[in-house]
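Chemist: I am sharing query_34.cif, which consists of mmCIF, C-alpha atoms:
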```
data_my_file
loop_
_atom_site.group_PDB
_atom_site.id
_atom_site.type_symbol
_atom_site.label_atom_id
_atom_site.label_comp_id
_atom_site.auth_asym_id
_atom_site.auth_seq_id
_atom_site.Cartn_x
_atom_site.Cartn_y
_atom_site.Cartn_z
ATOM 1 C CA PHE A 21 48.437 10.386 31.392
ATOM 2 C CA TYR A 22 49.315 9.966 27.696
ATOM 3 C CA GLY A 23 50.770 6.539 28.463
ATOM 4 C CA HIS A 24 47.521 5.402 30.068
ATOM 5 C CA LEU A 25 45.526 6.861 27.173
ATOM 6 C CA PHE A 26 47.657 5.010 24.621
ATOM 7 C CA GLN A 27 47.265 1.775 26.575
ATOM 8 C CA LEU A 28 43.471 2.260 26.703
ATOM 9 C CA LYS A 29 43.334 2.829 22.933
ATOM 10 C CA SER A 30 45.464 -0.248 22.347
ATOM 11 C CA GLU A 31 43.211 -2.378 24.523
ATOM 12 C CA SER A 32 40.083 -1.018 22.770
ATOM 13 C CA TYR A 33 41.592 -1.774 19.373
ATOM 14 C CA ALA A 34 42.482 -5.319 20.489
ATOM 15 C CA LEU A 35 38.949 -5.819 21.809
ATOM 16 C CA LEU A 36 37.515 -4.542 18.518
ATOM 17 C CA CYS A 37 39.736 -6.930 16.528
ATOM 18 C CA LEU A 38 38.722 -9.824 18.770
ATOM 19 C CA THR A 39 35.037 -8.996 18.330
ATOM 20 C CA PHE A 40 35.459 -8.788 14.539
ATOM 21 C CA SER A 41 37.278 -12.132 14.500
ATOM 22 C CA MET A 42 34.517 -13.788 16.530
ATOM 23 C CA VAL A 43 31.824 -12.434 14.181
ATOM 24 C CA GLN A 44 33.793 -13.642 11.164
ATOM 25 C CA LEU A 45 34.280 -17.074 12.741
ATOM 26 C CA CYS A 46 30.561 -17.388 13.459
ATOM 27 C CA GLY A 47 29.795 -16.402 9.888
ATOM 28 C CA ASN A 48 32.217 -18.960 8.477
ATOM 29 C CA SER A 49 30.865 -21.644 10.807
ATOM 30 C CA ASP A 50 27.333 -20.894 9.656
ATOM 31 C CA TYR A 51 28.548 -21.081 6.067
ATOM 32 C CA MET A 52 30.216 -24.434 6.715
ATOM 33 C CA THR A 53 27.090 -25.798 8.430
ATOM 34 C CA ASP A 54 24.874 -24.609 5.591
ATOM 35 C CA MET A 55 27.219 -26.079 2.997
ATOM 36 C CA ILE A 56 27.362 -29.480 4.727
ATOM 37 C CA SER A 57 23.589 -29.648 5.216
ATOM 38 C CA SER A 58 23.065 -28.641 1.569
ATOM 39 C CA SER A 59 25.398 -31.439 0.405
ATOM 40 C CA VAL A 60 23.667 -34.021 2.629
ATOM 41 C CA LEU A 61 20.286 -32.924 1.267
ATOM 42 C CA PHE A 62 21.579 -33.156 -2.302
ATOM 43 C CA TYR A 63 22.886 -36.708 -1.899
ATOM 44 C CA GLY A 64 19.577 -37.801 -0.373
ATOM 45 C CA ILE A 65 17.671 -36.389 -3.360
ATOM 46 C CA TYR A 66 20.292 -37.786 -5.751
ATOM 47 C CA VAL A 67 19.794 -41.324 -4.389
ATOM 48 C CA LEU A 68 16.042 -40.851 -4.863
ATOM 49 C CA CYS A 69 16.722 -39.729 -8.449
ATOM 50 C CA LEU A 70 18.825 -42.837 -9.160
ATOM 51 C CA CYS A 71 16.176 -45.138 -7.677
ATOM 52 C CA LEU A 72 13.376 -43.526 -9.699
ATOM 53 C CA GLY A 73 15.436 -43.768 -12.895
ATOM 54 C CA LEU A 74 16.152 -47.448 -12.284
ATOM 55 C CA LEU A 75 12.468 -48.116 -11.591
ATOM 56 C CA CYS A 76 11.508 -46.404 -14.866
ATOM 57 C CA VAL A 77 13.812 -48.728 -16.832
ATOM 58 C CA VAL A 78 12.629 -51.829 -14.948
ATOM 59 C CA PHE A 79 8.949 -50.945 -15.360
ATOM 60 C CA VAL A 80 9.103 -50.146 -19.089
ATOM 61 C CA SER A 81 11.058 -53.363 -19.727
ATOM 62 C CA TYR A 82 8.685 -55.509 -17.651
ATOM 63 C CA TRP A 83 5.646 -53.966 -19.366
ATOM 64 C CA ASN A 84 6.898 -54.983 -22.814
ATOM 65 C CA ILE A 85 8.003 -58.445 -21.668
ATOM 66 C CA GLU A 86 4.904 -59.351 -19.656
ATOM 67 C CA TRP A 87 2.112 -57.883 -21.797
ATOM 68 C CA ARG A 88 3.639 -57.110 -25.208
ATOM 69 C CA GLY A 89 5.465 -60.397 -25.867
ATOM 70 C CA GLY A 90 9.143 -59.451 -25.449
ATOM 71 C CA PHE A 91 11.674 -58.230 -28.000
ATOM 72 C CA ALA A 92 13.037 -58.986 -31.469
ATOM 73 C CA TRP A 93 14.549 -57.104 -34.408
ATOM 74 C CA ASP A 94 12.547 -58.450 -37.334
ATOM 75 C CA ALA A 95 10.214 -55.553 -38.249
ATOM 76 C CA SER A 96 7.442 -57.190 -36.207
ATOM 77 C CA PHE A 97 5.438 -55.961 -33.219
ATOM 78 C CA LEU A 98 8.213 -57.369 -31.047
ATOM 79 C CA GLN A 99 10.651 -54.944 -32.666
ATOM 80 C CA PHE A 100 8.339 -52.053 -31.829
ATOM 81 C CA ASN A 101 8.663 -53.018 -28.151
ATOM 82 C CA TRP A 102 12.253 -51.776 -28.239
ATOM 83 C CA HIS A 103 10.975 -48.267 -28.964
ATOM 84 C CA PRO A 104 9.545 -47.370 -25.516
ATOM 85 C CA VAL A 105 12.376 -49.124 -23.682
ATOM 86 C CA LEU A 106 15.122 -47.318 -25.608
ATOM 87 C CA MET A 107 13.387 -43.932 -25.453
ATOM 88 C CA VAL A 108 12.693 -44.047 -21.717
ATOM 89 C CA THR A 109 16.193 -45.344 -20.968
ATOM 90 C CA GLY A 110 18.043 -42.966 -23.276
ATOM 91 C CA LEU A 111 15.938 -39.851 -23.674
ATOM 92 C CA VAL A 112 14.743 -39.649 -20.056
ATOM 93 C CA VAL A 113 16.879 -41.599 -17.572
ATOM 94 C CA LEU A 114 20.361 -41.264 -19.109
ATOM 95 C CA TYR A 115 19.691 -37.712 -20.248
ATOM 96 C CA GLY A 116 18.416 -36.676 -16.820
ATOM 97 C CA ASN A 117 21.450 -38.114 -15.036
ATOM 98 C CA ALA A 118 23.795 -36.424 -17.513
ATOM 99 C CA ALA A 119 22.026 -33.101 -16.936
ATOM 100 C CA ILE A 120 22.607 -33.118 -13.163
ATOM 101 C CA LEU A 121 26.188 -34.392 -13.316
ATOM 102 C CA TYR A 122 27.719 -30.968 -12.608
ATOM 103 C CA ARG A 123 25.469 -30.546 -9.547
ATOM 104 C CA ILE A 124 27.099 -33.415 -7.652
ATOM 105 C CA PRO A 125 29.277 -31.789 -4.920
ATOM 106 C CA PHE A 126 31.928 -34.489 -5.329
ATOM 107 C CA THR A 127 32.710 -33.195 -8.826
ATOM 108 C CA TRP A 128 33.318 -29.600 -7.684
ATOM 109 C CA SER A 129 36.810 -30.362 -6.408
ATOM 110 C CA GLN A 130 37.772 -32.254 -9.573
ATOM 111 C CA ARG A 131 39.026 -30.939 -12.905
ATOM 112 C CA LYS A 132 36.016 -29.724 -14.859
ATOM 113 C CA GLN A 133 37.455 -30.929 -18.180
ATOM 114 C CA CYS A 134 37.258 -34.566 -17.057
ATOM 115 C CA TRP A 135 33.606 -34.191 -16.079
ATOM 116 C CA LYS A 136 32.873 -32.428 -19.360
ATOM 117 C CA LEU A 137 33.999 -35.600 -21.105
ATOM 118 C CA VAL A 138 31.821 -37.762 -18.837
ATOM 119 C CA HIS A 139 28.869 -35.410 -19.441
ATOM 120 C CA ALA A 140 29.376 -35.570 -23.215
ATOM 121 C CA ALA A 141 29.769 -39.383 -23.167
ATOM 122 C CA LEU A 142 26.540 -39.884 -21.185
ATOM 123 C CA LEU A 143 24.650 -37.605 -23.553
ATOM 124 C CA LEU A 144 26.124 -39.369 -26.597
ATOM 125 C CA SER A 145 24.963 -42.713 -25.169
ATOM 126 C CA SER A 146 21.537 -41.184 -24.578
ATOM 127 C CA LEU A 147 21.422 -39.867 -28.153
ATOM 128 C CA PHE A 148 22.518 -43.231 -29.569
ATOM 129 C CA LEU A 149 19.771 -45.108 -27.705
ATOM 130 C CA SER A 150 17.212 -42.527 -28.815
ATOM 131 C CA ILE A 151 18.184 -42.848 -32.485
ATOM 132 C CA LEU A 152 18.111 -46.655 -32.146
ATOM 133 C CA GLY A 153 14.615 -46.349 -30.686
ATOM 134 C CA LEU A 154 13.527 -44.275 -33.693
ATOM 135 C CA CYS A 155 15.005 -46.881 -36.050
ATOM 136 C CA ALA A 156 12.985 -49.578 -34.294
ATOM 137 C CA VAL A 157 9.659 -47.794 -34.798
ATOM 138 C CA PHE A 158 10.372 -46.609 -38.371
ATOM 139 C CA ASP A 159 11.414 -50.120 -39.394
ATOM 140 C CA PHE A 160 8.277 -51.559 -37.818
ATOM 141 C CA HIS A 161 6.059 -48.998 -39.592
ATOM 142 C CA THR A 162 7.711 -49.779 -42.924
ATOM 143 C CA GLY A 163 7.180 -53.527 -42.478
ATOM 144 C CA TYR A 164 3.449 -53.095 -41.749
ATOM 145 C CA HIS A 165 2.923 -50.191 -44.186
ATOM 146 C CA ILE A 166 1.972 -47.794 -41.395
ATOM 147 C CA PRO A 167 2.485 -44.054 -42.119
ATOM 148 C CA ASN A 168 5.278 -42.327 -40.199
ATOM 149 C CA LEU A 169 5.025 -39.084 -38.240
ATOM 150 C CA TYR A 170 1.241 -38.710 -38.301
ATOM 151 C CA SER A 171 0.577 -38.246 -34.562
ATOM 152 C CA LEU A 172 1.352 -35.419 -32.144
ATOM 153 C CA HIS A 173 3.501 -37.852 -30.150
ATOM 154 C CA SER A 174 5.700 -38.528 -33.187
ATOM 155 C CA TRP A 175 6.021 -34.820 -33.993
ATOM 156 C CA VAL A 176 7.121 -33.934 -30.468
ATOM 157 C CA GLY A 177 9.446 -36.943 -30.313
ATOM 158 C CA ILE A 178 11.244 -36.274 -33.597
ATOM 159 C CA CYS A 179 11.633 -32.556 -32.739
ATOM 160 C CA THR A 180 13.125 -33.578 -29.388
ATOM 161 C CA VAL A 181 15.730 -35.848 -30.974
ATOM 162 C CA VAL A 182 16.619 -33.243 -33.621
ATOM 163 C CA LEU A 183 17.070 -30.527 -30.982
ATOM 164 C CA PHE A 184 19.079 -32.991 -28.860
ATOM 165 C CA THR A 185 21.406 -33.673 -31.807
ATOM 166 C CA VAL A 186 21.924 -29.956 -32.451
ATOM 167 C CA GLN A 187 22.516 -29.362 -28.741
ATOM 168 C CA TRP A 188 25.132 -32.115 -28.519
ATOM 169 C CA VAL A 189 27.040 -30.892 -31.588
ATOM 170 C CA LEU A 190 27.010 -27.282 -30.326
ATOM 171 C CA GLY A 191 28.234 -28.471 -26.920
ATOM 172 C CA LEU A 192 31.030 -30.462 -28.531
ATOM 173 C CA VAL A 193 32.163 -27.486 -30.631
ATOM 174 C CA GLY A 194 31.655 -24.865 -27.950
ATOM 175 C CA PHE A 195 32.939 -26.539 -24.786
ATOM 176 C CA LEU A 196 35.239 -29.390 -25.804
ATOM 177 C CA SER A 197 36.939 -27.978 -28.883
ATOM 178 C CA PRO A 198 40.285 -26.313 -28.001
ATOM 179 C CA CYS A 199 39.724 -23.837 -30.854
ATOM 180 C CA SER A 200 36.504 -22.476 -29.340
ATOM 181 C CA PRO A 201 36.953 -18.797 -28.301
ATOM 182 C CA LEU A 202 36.166 -17.821 -24.707
ATOM 183 C CA GLY A 203 33.619 -15.240 -25.799
ATOM 184 C CA PHE A 204 31.644 -17.854 -27.730
ATOM 185 C CA ARG A 205 31.638 -20.171 -24.697
ATOM 186 C CA LYS A 206 30.282 -17.417 -22.434
ATOM 187 C CA LEU A 207 27.589 -16.630 -24.983
ATOM 188 C CA LEU A 208 26.680 -20.290 -25.482
ATOM 189 C CA LYS A 209 26.590 -21.355 -21.824
ATOM 190 C CA PRO A 210 23.177 -19.904 -20.805
ATOM 191 C CA VAL A 211 21.652 -21.006 -24.130
ATOM 192 C CA HIS A 212 23.094 -24.509 -23.629
ATOM 193 C CA ALA A 213 21.646 -24.728 -20.107
ATOM 194 C CA TRP A 214 18.214 -23.479 -21.210
ATOM 195 C CA MET A 215 18.077 -25.823 -24.209
ATOM 196 C CA GLY A 216 19.124 -28.725 -22.025
ATOM 197 C CA MET A 217 16.150 -28.220 -19.695
ATOM 198 C CA ALA A 218 13.787 -27.626 -22.632
ATOM 199 C CA ILE A 219 14.890 -30.858 -24.336
ATOM 200 C CA PHE A 220 14.413 -32.802 -21.085
ATOM 201 C CA ILE A 221 10.863 -31.440 -20.678
ATOM 202 C CA LEU A 222 10.109 -32.364 -24.302
ATOM 203 C CA SER A 223 11.521 -35.842 -23.622
ATOM 204 C CA LEU A 224 9.119 -36.289 -20.711
ATOM 205 C CA ALA A 225 6.194 -35.103 -22.852
ATOM 206 C CA SER A 226 7.189 -37.462 -25.679
ATOM 207 C CA CYS A 227 7.417 -40.531 -23.456
ATOM 208 C CA LEU A 228 4.177 -39.814 -21.592
ATOM 209 C CA SER A 229 2.220 -39.186 -24.799
ATOM 210 C CA GLY A 230 3.786 -42.318 -26.322
ATOM 211 C CA ILE A 231 2.688 -44.521 -23.420
ATOM 212 C CA ASN A 232 -0.819 -43.128 -23.616
ATOM 213 C CA GLU A 233 -0.968 -43.572 -27.407
ATOM 214 C CA LYS A 234 0.250 -47.171 -27.180
ATOM 215 C CA LEU A 235 -2.373 -48.046 -24.563
ATOM 216 C CA LEU A 236 -5.167 -46.441 -26.584
ATOM 217 C CA LEU A 237 -4.183 -48.378 -29.727
ATOM 218 C CA ALA A 238 -3.430 -51.721 -28.054
ATOM 219 C CA LEU A 239 -6.257 -51.816 -25.517
ATOM 220 C CA ASP A 240 -9.191 -51.052 -27.800
ATOM 221 C CA GLY A 241 -11.339 -53.904 -26.504
ATOM 222 C CA ASN A 242 -11.678 -55.491 -29.949
ATOM 223 C CA SER A 243 -8.391 -56.954 -31.224
ATOM 224 C CA ASN A 244 -6.899 -60.131 -29.713
ATOM 225 C CA SER A 245 -9.610 -60.254 -27.041
ATOM 226 C CA THR A 246 -7.943 -57.440 -25.085
ATOM 227 C CA ALA A 247 -9.853 -55.530 -22.438
ATOM 228 C CA ALA A 248 -10.656 -51.909 -23.177
ATOM 229 C CA TYR A 249 -8.388 -49.239 -21.711
ATOM 230 C CA SER A 250 -11.394 -47.703 -19.953
ATOM 231 C CA SER A 251 -12.083 -50.945 -18.059
ATOM 232 C CA HIS A 252 -8.848 -50.580 -16.056
ATOM 233 C CA PRO A 253 -7.013 -53.785 -17.053
ATOM 234 C CA ALA A 254 -3.796 -54.673 -15.231
ATOM 235 C CA GLU A 255 -1.620 -53.607 -18.164
ATOM 236 C CA ALA A 256 -3.200 -50.162 -18.247
ATOM 237 C CA LEU A 257 -2.725 -49.644 -14.519
ATOM 238 C CA PHE A 258 0.885 -50.795 -14.709
ATOM 239 C CA ALA A 259 1.706 -48.544 -17.689
ATOM 240 C CA ASN A 260 -0.044 -45.603 -16.046
ATOM 241 C CA PHE A 261 2.098 -46.122 -12.963
ATOM 242 C CA LEU A 262 5.154 -46.139 -15.249
ATOM 243 C CA GLY A 263 4.040 -42.709 -16.433
ATOM 244 C CA VAL A 264 3.782 -41.521 -12.823
ATOM 245 C CA LEU A 265 7.333 -42.762 -12.189
ATOM 246 C CA ILE A 266 8.589 -40.842 -15.240
ATOM 247 C CA VAL A 267 6.877 -37.674 -13.981
ATOM 248 C CA ALA A 268 8.404 -38.143 -10.506
ATOM 249 C CA PHE A 269 11.868 -38.672 -11.993
ATOM 250 C CA GLY A 270 11.457 -35.562 -14.152
ATOM 251 C CA LEU A 271 10.342 -33.426 -11.215
ATOM 252 C CA VAL A 272 13.332 -34.523 -9.122
ATOM 253 C CA VAL A 273 15.775 -33.748 -11.958
ATOM 254 C CA LEU A 274 14.194 -30.344 -12.627
ATOM 255 C CA GLY A 275 14.212 -29.609 -8.890
ATOM 256 C CA ILE A 276 17.948 -30.304 -8.726
ATOM 257 C CA LEU A 277 18.619 -28.156 -11.795
ATOM 258 C CA SER A 278 16.586 -25.227 -10.455
ATOM 259 C CA ASN A 279 18.304 -25.121 -7.040
ATOM 260 C CA GLN A 280 20.989 -22.419 -7.260
ATOM 261 C CA ARG A 281 22.842 -23.724 -4.200
ATOM 262 C CA TRP A 282 23.864 -26.816 -6.173
ATOM 263 C CA ASN A 283 25.348 -24.940 -9.109
ATOM 264 C CA ARG A 284 29.000 -25.604 -9.831
ATOM 265 C CA LEU A 285 30.755 -22.293 -9.210
ATOM 266 C CA GLU A 286 33.030 -20.502 -11.629
ATOM 267 C CA PRO A 287 36.822 -20.552 -10.954
ATOM 268 C CA GLY A 288 36.808 -17.202 -9.131
ATOM 269 C CA GLN A 289 33.832 -18.137 -7.015
ATOM 270 C CA GLU A 290 35.376 -21.527 -6.213
ATOM 271 C CA SER A 291 38.526 -19.841 -4.867
ATOM 272 C CA SER A 292 36.429 -17.583 -2.659
ATOM 273 C CA ARG A 293 34.436 -20.505 -1.268
ATOM 274 C CA VAL A 294 37.528 -22.628 -0.643
ATOM 275 C CA SER A 295 39.275 -19.772 1.200
ATOM 276 C CA MET A 296 36.253 -19.257 3.442
ATOM 277 C CA VAL A 297 36.076 -22.944 4.266
ATOM 278 C CA LEU A 298 39.818 -23.160 4.965
ATOM 279 C CA SER A 299 39.715 -20.109 7.244
ATOM 280 C CA ALA A 300 36.827 -21.631 9.182
ATOM 281 C CA VAL A 301 38.655 -24.942 9.549
ATOM 282 C CA LYS A 302 41.917 -23.293 10.624
ATOM 283 C CA SER A 303 40.112 -21.134 13.182
#
```
Write the structure described by the file as structure tokens, please.

Modeler:
Amino acid sequence: FYGHLFQLKSESYALLCLTFSMVQLCGNSDYMTDMISSSVLFYGIYVLCLCLGLLCVVFVSYWNIEWRGGFAWDASFLQFNWHPVLMVTGLVVLYGNAAILYRIPFTWSQRKQCWKLVHAALLLSSLFLSILGLCAVFDFHTGYHIPNLYSLHSWVGICTVVLFTVQWVLGLVGFLSPCSPLGFRKLLKPVHAWMGMAIFILSLASCLSGINEKLLLALDGNSNSTAAYSSHPAEALFANFLGVLIVAFGLVVLGILSNQRWNRLEPGQESSRVSMVLSAVKS
């Protein structure tokens, strides 16, 4: 009797273990499926982001070539044309792509230090183009004796570049300096992420207000026989569509940044995720 009872208990325990294993396998399979579908969705949105960014650069360049006369660096109106091109390219497109770099699933399996350097280099390039764009407009204003920093657009723009400079220096000291203490990095990380999104939103506001200000000043209906902005000339429609493209690019970038599933996990969390995936694959 006791032998049969022991055998029954053993069989029940084996059945319980089998059931638990099957539940765990289903859970891991669901996790794998969700992870793969999330990565596929990300890359689809990421391609859209790249295409929108490229279109922004093409449109702002074509606008200044076709309707504003092209480019030069001689303190003339042609030098001013560098300003919107450099600001849209640096402060919006390059900055936006640098901001979402850590969200690319491909980078999660790589050493984070390498991608920190890429992130910092992209942002430095963005900052350089932005400062060059400011030099273009200040030089133009000086040549034509136009006051600097009198409009809301200029106030928002200069504050954006100043905050961007402070953010980059703090990031360099906090995350790339070997002397930076771990406690300071943990304290700085959420502030760095919040400031990064705030600067990007300010960049979008600066570029949109700048496009609108340029159209209002250039298309006044009086100078150089230009049509009034309110009469819907081709240049106005084209530049307005450029603004729509910038908004679309900004929304895609902010959507990627706000999706928690695409956050790069911390070292402990990464180990947990990798172990779950490996167990699912082995099973």

Chemist: Do you know which residues are at most 10 Å from segment 260-270 of chain A counting all atoms listed in the file, after dropping those on the same chain fewer than 2 positions away, and could you put them as number ranges by chain?

Modeler: A: 68-80, 83, 108, 112-113, 116, 220-221, 223-225, 227-232, 235, 254-258, 272-276

Chemist: Between atom CA of Leu149 of chain A and atom CA of His173 of chain A, measure the distance and give it in Å to one decimal.

Modeler: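 Here the two named atoms are 18.0 Å from each other.
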
Chemist: Calculate how many Å separate atom CA of Leu196 of chain A from atom CA of Val181 of chain A, rounding to one decimal.

Modeler: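 These two atoms are separated by 21.2 Å.
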
Chemist: In Å, how far is it from atom CA of Ala156 of chain A to atom CA of Gln99 of chain A?

Modeler: 6.1 Å

Chemist: Between A:His139, A:Arg88, A:His103, A:Arg205, which is the closest to Val157 of chain A once you count only C-alpha atoms?

Modeler: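 Going through A:His139, A:Arg88, A:His103, A:Arg205 one by one, the smallest distance to Val157 of chain A is for A:His103.
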
Chemist: Calculated over all atoms listed in the file, which of the candidates A:Val211, A:Gln130, A:Ile166, A:Phe160 has the smallest distance to Ala92 of chain A?

Modeler: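 Of A:Val211, A:Gln130, A:Ile166, A:Phe160, the one nearest Ala92 of chain A is A:Phe160, counting all atoms listed in the file.
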
Chemist: Closest to Leu106 of chain A among A:Leu152, A:Val138, A:Ala119, A:Leu143, using all atoms listed in the file?

Modeler: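 Going through A:Leu152, A:Val138, A:Ala119, A:Leu143 one by one, the smallest distance to Leu106 of chain A is for A:Leu152.
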
Chemist: Run through the PyMOL selection byres ((chain A and resi 187-193) around 9) on the given coordinates and return the selected residues as an NGL selection string.

Modeler: :A and (140 or 143-144 or 147 or 182-186 or 194-200 or 208-209 or 212 or 215-216 or 219)

Chemist: Any idea what's packed within 8 Å of Tyr122 of chain A, counting all atoms listed in the file, ignoring anything in its chain fewer than 4 positions away? Could you give it as number ranges by chain?

Modeler: A: 127-128, 135, 283-284

Chemist: Would you translate the PyMOL selection byres ((chain A and resi 159) around 9) into the concrete set of residues it matches in this file, as a list of chain:residue names?

Modeler: A:Asp94, A:Ala95, A:Ser96, A:Gln99, A:Phe100, A:Leu154, A:Cys155, A:Ala156, A:Val157, A:Phe158, A:Phe160, A:His161, A:Thr162, A:Gly163, A:Tyr164

Chemist: Taking (3.9, -37.7, -34.1) in the file's own coordinates, collect the residues within 10 Å, counting only C-alpha atoms, and hand them back as a PDB file with C-alpha atoms, in the coordinates of the input.

Modeler:
```pdb
ATOM      1  CA  ASN A 168       5.278 -42.327 -40.199  1.00  0.00           C
ATOM      2  CA  LEU A 169       5.025 -39.084 -38.240  1.00  0.00           C
ATOM      3  CA  TYR A 170       1.241 -38.710 -38.301  1.00  0.00           C
ATOM      4  CA  SER A 171       0.577 -38.246 -34.562  1.00  0.00           C
ATOM      5  CA  LEU A 172       1.352 -35.419 -32.144  1.00  0.00           C
ATOM      6  CA  HIS A 173       3.501 -37.852 -30.150  1.00  0.00           C
ATOM      7  CA  SER A 174       5.700 -38.528 -33.187  1.00  0.00           C
ATOM      8  CA  TRP A 175       6.021 -34.820 -33.993  1.00  0.00           C
ATOM      9  CA  VAL A 176       7.121 -33.934 -30.468  1.00  0.00           C
ATOM     10  CA  GLY A 177       9.446 -36.943 -30.313  1.00  0.00           C
ATOM     11  CA  ILE A 178      11.244 -36.274 -33.597  1.00  0.00           C
ATOM     12  CA  CYS A 179      11.633 -32.556 -32.739  1.00  0.00           C
ATOM     13  CA  SER A 226       7.189 -37.462 -25.679  1.00  0.00           C
ATOM     14  CA  SER A 229       2.220 -39.186 -24.799  1.00  0.00           C
ATOM     15  CA  GLY A 230       3.786 -42.318 -26.322  1.00  0.00           C
TER      16      GLY A 230
END
```

Chemist: May I ask which of the residues A:Ala238, A:Met107, A:Ile56, A:Ile124 is the closest one to Trp87 of chain A, counting only C-alpha atoms?

Modeler: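 Under the stated criterion, the closest residue is A:Ala238.
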
Chemist: With only C-alpha atoms as the atoms that count, which of A:Tyr66, A:Tyr249, A:Tyr115, A:Phe126 lies nearest to Leu222 of chain A?

Modeler: A:Tyr115

Chemist: Can you work out which one of A:His252, A:Arg281, A:Lys234, A:Lys132 has the shortest atom-to-atom distance to Phe62 of chain A, counting all atoms listed in the file?

Modeler: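 The shortest atom-to-atom distance to Phe62 of chain A comes from A:Arg281.
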